Amino acid sequence: MKIQKTYGISLFVISMFWALWLQLIAGPRKDSFGPIPKTWFLSSEETLRLPEFKTIDTRSFTSRIQEKLPNVIVLGWEDISQKESPFRGKLQKDELIRKKLLSLGMTKDDLIIVLGDGKNGWGEEGRIVWSLREVGYPNVYWYQGSFESYKKMIETRKQNKVTIDQKNKFYILSKKESVVKTDISKEEITKQLKTNTYQILDTRESREYTGATPYGEFRGGHIPGAKSFYYQNVFDDQGNIKSKEEVEKILTQMGIIKTKPIIAYCTGGVRSAFVVGILRSYGYQAYNYSGSMWEWSYDKELPLEK
């Protein structure tokens, strides 16, 4: 009996040491939240646990008046874009945009969250995220959720109902990792019409795709070979962005493959920037044609299909 007791104690001690050894060789425990540098948008839960961040409000004027927010930076996509034809919609020079951002109190090291109108808007939040990333601001994401959920999330943070680790910089892109430029020119698109290098998505309404010009295009139609993919198709009935699997299914049914780069365009590169942000988040090599139809339709030498 005494031998059995001693044997049992020995087994217990050995098992304890074995468990400790397994923990040591497994390395440090990973945070369940995980790194998020590849995504362009964050959910309410993901935003809730972030360290201190600055907020850009790019909602419509009406939305901002009806539901005001304190301590936010108001910035519209037009504020950092060219305004004269045929370059309307294209970004201003990098240095001008950086100067504007600095004047608003934003630096490249800041974590920035962008608010928009979601399904009720034109993808302005995606355009702002795309624009800032183009000029070297890597740590910028748009908020995926309703305005009410954003207010509740902010209130929860204020009430300290969530653990926020100010030292945890998992969300910051490494300084060694360069920001990928995703703006593409009409010259590059013209070349691809001959080489078939890219797949092209027209993110406008179907009436625009077939020739209507409701938003100031000089000519109607679509870029040859482009497939119609209305930007609203990425939202579900509740106004949330569809999952990676759902978006991949839609694109696959359209004949869009993941191994071939994609160009997205619209009228002035706003809706298409939103789509590019989602595609990039889901692993596609997507590019935004910021000049879009305002520029393409202005040049009578460039082809259009109806």
# chains A, B, ... in the order shown; residues from 1 in each chain; ligands from 1
call {"tool": "select_by_dssp", "arguments": {"residues": "stretch 195-244 of chain A", "states": "alpha helix (DSSP H)", "output": "list in words"}}
result
Thr195, Ser206, Arg207, Glu208, Tyr209 and Lys244 of chain A
call {"tool": "residues_around", "arguments": {"residues": "stretch 90-99 of chain A", "least_positions_apart": "5", "cutoff": "6 Å", "atoms": "only C-alpha atoms", "output": "list in words"}}
result
Ile80, Ser81, Gln82, Val135, Ser290 and Gly291 of chain A
call {"tool": "atom_distance", "arguments": {"atom1": "atom CA of A:Asn120", "atom2": "atom CA of A:Gln199"}}
result
27.5 Å
call {"tool": "atom_distance", "arguments": {"atom1": "atom CA of A:Tyr230", "atom2": "atom CA of A:Ile263"}}
result
13.8 Å
call {"tool": "select_by_dssp", "arguments": {"residues": "stretch 45-280 of chain A", "states": "strand (DSSP E or B)", "output": "number ranges by chain"}}
result
A: 54-57, 73-74, 81, 91, 112-115, 140-143, 183, 199-202, 222, 227-228, 235, 241, 262-265
call {"tool": "closest_atom_pairs", "arguments": {"of": "stretch 83-108 of chain A", "to": "stretch 70-73 of chain A", "cutoff": "12 Å", "atoms": "only C-alpha atoms", "output": "JSON lines"}}
result
{"residue": "A:Lys100", "atom": "CA", "partner": "A:Ile73", "partner_atom": "CA", "distance": 11.8}
{"residue": "A:Leu101", "atom": "CA", "partner": "A:Ile73", "partner_atom": "CA", "distance": 9.9}
{"residue": "A:Leu102", "atom": "CA", "partner": "A:Ile73", "partner_atom": "CA", "distance": 11.7}
{"residue": "A:Ser103", "atom": "CA", "partner": "A:Ile73", "partner_atom": "CA", "distance": 10.9}
{"residue": "A:Leu104", "atom": "CA", "partner": "A:Ile73", "partner_atom": "CA", "distance": 7.1}
{"residue": "A:Gly105", "atom": "CA", "partner": "A:Ile73", "partner_atom": "CA", "distance": 8.7}
{"residue": "A:Met106", "atom": "CA", "partner": "A:Ile73", "partner_atom": "CA", "distance": 9.3}
call {"tool": "write_last_selection", "arguments": {"atoms": "N, CA and C atoms", "output": "compact mmCIF listing (two decimals), in the first residue's frame"}}
result
# COMPACT_ATOMS: atom_id res chain seq x y z
N LYS A 100 -1.73 68.49 -45.41
CA LYS A 100 -3.11 68.63 -44.95
C LYS A 100 -3.35 67.77 -43.72
N LEU A 101 -2.89 66.54 -43.76
CA LEU A 101 -3.09 65.62 -42.64
C LEU A 101 -2.37 66.10 -41.39
N LEU A 102 -1.15 66.59 -41.58
CA LEU A 102 -0.40 67.12 -40.43
C LEU A 102 -1.10 68.33 -39.82
N SER A 103 -1.69 69.17 -40.67
CA SER A 103 -2.41 70.35 -40.17
C SER A 103 -3.64 69.96 -39.36
N LEU A 104 -4.15 68.75 -39.63
CA LEU A 104 -5.30 68.24 -38.88
C LEU A 104 -4.88 67.43 -37.67
N GLY A 105 -3.57 67.34 -37.44
CA GLY A 105 -3.06 66.67 -36.26
C GLY A 105 -2.82 65.19 -36.41
N MET A 106 -2.61 64.71 -37.64
CA MET A 106 -2.38 63.28 -37.87
C MET A 106 -0.97 63.03 -38.39
call {"tool": "atom_distance", "arguments": {"atom1": "atom CA of A:Ile223", "atom2": "atom CA of A:Glu205"}}
result
14.1 Å
call {"tool": "residues_around", "arguments": {"residues": "A:Ile56", "least_positions_apart": "4", "cutoff": "8 Å", "atoms": "only C-alpha atoms", "output": "list in words"}}
result
Val72, Ile73, Val74, Leu75, Ile112, Ile113, Val114 and Leu115 of chain A
call {"tool": "residues_around", "arguments": {"residues": "A:Arg207", "least_positions_apart": "3", "cutoff": "12 Å", "atoms": "only C-alpha atoms", "output": "PyMOL selection string"}}
result
chain A and resi 202-204+210-215+220-222+228+230+306
call {"tool": "closest_residue", "arguments": {"among": "A:Phe218, A:Tyr231, A:Trp142, A:Trp296", "to": "A:Glu46", "atoms": "only C-alpha atoms"}}
result
A:Trp142
call {"tool": "residues_around", "arguments": {"residues": "A:Gln285", "least_positions_apart": "3", "cutoff": "7 Å", "atoms": "only C-alpha atoms", "output": "list in words"}}
result
Pro261, Ile262 and Arg280 of chain A
call {"tool": "write_last_selection", "arguments": {"atoms": "N, CA, C and O atoms", "output": "PDB file, in the first residue's frame"}}
result
ATOM      1  N   PRO A 261      -4.338  39.695 -61.044  1.00  0.00           N
ATOM      2  CA  PRO A 261      -4.647  41.002 -60.465  1.00  0.00           C
ATOM      3  C   PRO A 261      -5.924  41.618 -61.016  1.00  0.00           C
ATOM      4  O   PRO A 261      -6.353  41.324 -62.138  1.00  0.00           O
ATOM      5  N   ILE A 262      -6.529  42.483 -60.173  1.00  0.00           N
ATOM      6  CA  ILE A 262      -7.814  43.105 -60.487  1.00  0.00           C
ATOM      7  C   ILE A 262      -7.682  44.620 -60.480  1.00  0.00           C
ATOM      8  O   ILE A 262      -7.030  45.197 -59.614  1.00  0.00           O
ATOM      9  N   ARG A 280      -8.503  43.570 -51.059  1.00  0.00           N
ATOM     10  CA  ARG A 280      -7.163  43.456 -50.470  1.00  0.00           C
ATOM     11  C   ARG A 280      -7.236  42.720 -49.131  1.00  0.00           C
ATOM     12  O   ARG A 280      -6.367  41.908 -48.802  1.00  0.00           O
TER      13      ARG A 280
END
call {"tool": "residues_around", "arguments": {"residues": "A:Lys244", "least_positions_apart": "4", "cutoff": "12 Å", "atoms": "only C-alpha atoms", "output": "PDB file with C-alpha atoms, in the first residue's frame"}}
result
ATOM      1  CA  THR A  39      -7.229  44.083 -43.180  1.00  0.00           C
ATOM      2  CA  VAL A 234     -20.469  43.481 -50.886  1.00  0.00           C
ATOM      3  CA  PHE A 235     -23.131  44.281 -48.242  1.00  0.00           C
ATOM      4  CA  GLU A 248     -15.195  34.873 -53.227  1.00  0.00           C
ATOM      5  CA  LYS A 249     -18.263  32.899 -54.300  1.00  0.00           C
ATOM      6  CA  ILE A 250     -19.751  35.909 -56.115  1.00  0.00           C
ATOM      7  CA  LEU A 251     -16.492  36.679 -57.899  1.00  0.00           C
ATOM      8  CA  THR A 252     -15.892  33.059 -58.839  1.00  0.00           C
ATOM      9  CA  ILE A 278     -12.326  44.664 -49.206  1.00  0.00           C
ATOM     10  CA  LEU A 279     -10.590  42.682 -51.936  1.00  0.00           C
ATOM     11  CA  ARG A 280      -7.163  43.456 -50.470  1.00  0.00           C
ATOM     12  CA  SER A 281      -8.422  42.361 -47.042  1.00  0.00           C
ATOM     13  CA  TYR A 282      -9.610  39.090 -48.576  1.00  0.00           C
ATOM     14  CA  GLY A 283      -6.326  38.287 -50.292  1.00  0.00           C
ATOM     15  CA  TYR A 284      -6.851  39.650 -53.816  1.00  0.00           C
TER      16      TYR A 284
END
call {"tool": "closest_residue", "arguments": {"among": "A:Leu69, A:Val275, A:Leu304, A:Leu48", "to": "A:Lys242", "atoms": "only C-alpha atoms"}}
result
A:Val275
call {"tool": "decode", "arguments": {"residues": "stretch 180-201 of chain A", "atoms": "N, CA, C and O atoms", "output": "CSV table (one decimal), in the first residue's frame"}}
result
chain,number,residue,atom,x,y,z
A,180,VAL,N,2.0,49.3,-49.8
A,180,VAL,CA,1.9,48.9,-51.2
A,180,VAL,C,1.0,50.0,-51.9
A,180,VAL,O,-0.1,50.4,-51.5
A,181,LYS,N,1.5,50.5,-53.0
A,181,LYS,CA,0.8,51.5,-53.8
A,181,LYS,C,-0.2,50.8,-54.7
A,181,LYS,O,0.1,49.8,-55.4
A,182,THR,N,-1.5,51.2,-54.6
A,182,THR,CA,-2.5,50.5,-55.4
A,182,THR,C,-3.3,51.4,-56.3
A,182,THR,O,-4.3,51.0,-56.9
A,183,ASP,N,-2.8,52.6,-56.6
A,183,ASP,CA,-3.4,53.5,-57.6
A,183,ASP,C,-2.8,53.0,-59.0
A,183,ASP,O,-1.6,52.7,-59.1
A,184,ILE,N,-3.7,53.0,-60.0
A,184,ILE,CA,-3.2,52.6,-61.3
A,184,ILE,C,-3.7,53.7,-62.3
A,184,ILE,O,-4.7,54.3,-62.1
A,185,SER,N,-2.9,53.8,-63.4
A,185,SER,CA,-3.1,54.9,-64.3
A,185,SER,C,-3.8,54.4,-65.6
A,185,SER,O,-3.9,53.2,-65.8
A,186,LYS,N,-4.4,55.3,-66.3
A,186,LYS,CA,-5.1,55.0,-67.6
A,186,LYS,C,-4.1,54.4,-68.6
A,186,LYS,O,-4.4,53.5,-69.4
A,187,GLU,N,-2.8,54.8,-68.5
A,187,GLU,CA,-1.8,54.2,-69.4
A,187,GLU,C,-1.6,52.8,-69.2
A,187,GLU,O,-1.4,52.0,-70.1
A,188,GLU,N,-1.6,52.4,-67.9
A,188,GLU,CA,-1.4,51.0,-67.5
A,188,GLU,C,-2.6,50.2,-68.0
A,188,GLU,O,-2.5,49.0,-68.4
A,189,ILE,N,-3.8,50.7,-67.9
A,189,ILE,CA,-5.0,50.0,-68.3
A,189,ILE,C,-5.0,49.9,-69.8
A,189,ILE,O,-5.4,48.8,-70.3
A,190,THR,N,-4.6,50.9,-70.5
A,190,THR,CA,-4.5,50.9,-72.0
A,190,THR,C,-3.6,49.7,-72.4
A,190,THR,O,-3.9,49.0,-73.3
A,191,LYS,N,-2.5,49.6,-71.7
A,191,LYS,CA,-1.6,48.5,-72.0
A,191,LYS,C,-2.2,47.1,-71.8
A,191,LYS,O,-2.1,46.2,-72.6
A,192,GLN,N,-3.0,47.0,-70.7
A,192,GLN,CA,-3.5,45.7,-70.4
A,192,GLN,C,-4.6,45.3,-71.3
A,192,GLN,O,-4.9,44.1,-71.5
A,193,LEU,N,-5.3,46.3,-72.0
A,193,LEU,CA,-6.3,45.9,-73.0
A,193,LEU,C,-5.7,45.1,-74.1
A,193,LEU,O,-6.4,44.3,-74.8
A,194,LYS,N,-4.4,45.2,-74.3
A,194,LYS,CA,-3.7,44.4,-75.3
A,194,LYS,C,-3.1,43.1,-74.8
A,194,LYS,O,-3.0,42.1,-75.4
A,195,THR,N,-2.6,43.2,-73.5
A,195,THR,CA,-1.9,42.1,-72.9
A,195,THR,C,-2.8,41.2,-72.0
A,195,THR,O,-2.4,40.1,-71.7
A,196,ASN,N,-4.0,41.7,-71.7
A,196,ASN,CA,-4.9,40.9,-70.8
A,196,ASN,C,-4.2,40.6,-69.5
A,196,ASN,O,-4.4,39.5,-68.9
A,197,THR,N,-3.5,41.5,-68.9
A,197,THR,CA,-2.8,41.3,-67.7
A,197,THR,C,-3.7,41.3,-66.4
A,197,THR,O,-3.5,40.6,-65.5
A,198,TYR,N,-4.7,42.2,-66.5
A,198,TYR,CA,-5.6,42.4,-65.4
A,198,TYR,C,-7.0,41.9,-65.6
A,198,TYR,O,-7.5,41.8,-66.8
A,199,GLN,N,-7.8,41.7,-64.6
A,199,GLN,CA,-9.2,41.6,-64.6
A,199,GLN,C,-9.8,42.9,-64.2
A,199,GLN,O,-9.3,43.6,-63.3
A,200,ILE,N,-10.9,43.3,-64.9
A,200,ILE,CA,-11.4,44.7,-64.6
A,200,ILE,C,-12.8,44.6,-64.0
A,200,ILE,O,-13.7,43.9,-64.6
A,201,LEU,N,-13.1,45.3,-62.9
A,201,LEU,CA,-14.4,45.3,-62.3
A,201,LEU,C,-14.9,46.8,-62.4
A,201,LEU,O,-14.3,47.7,-62.0
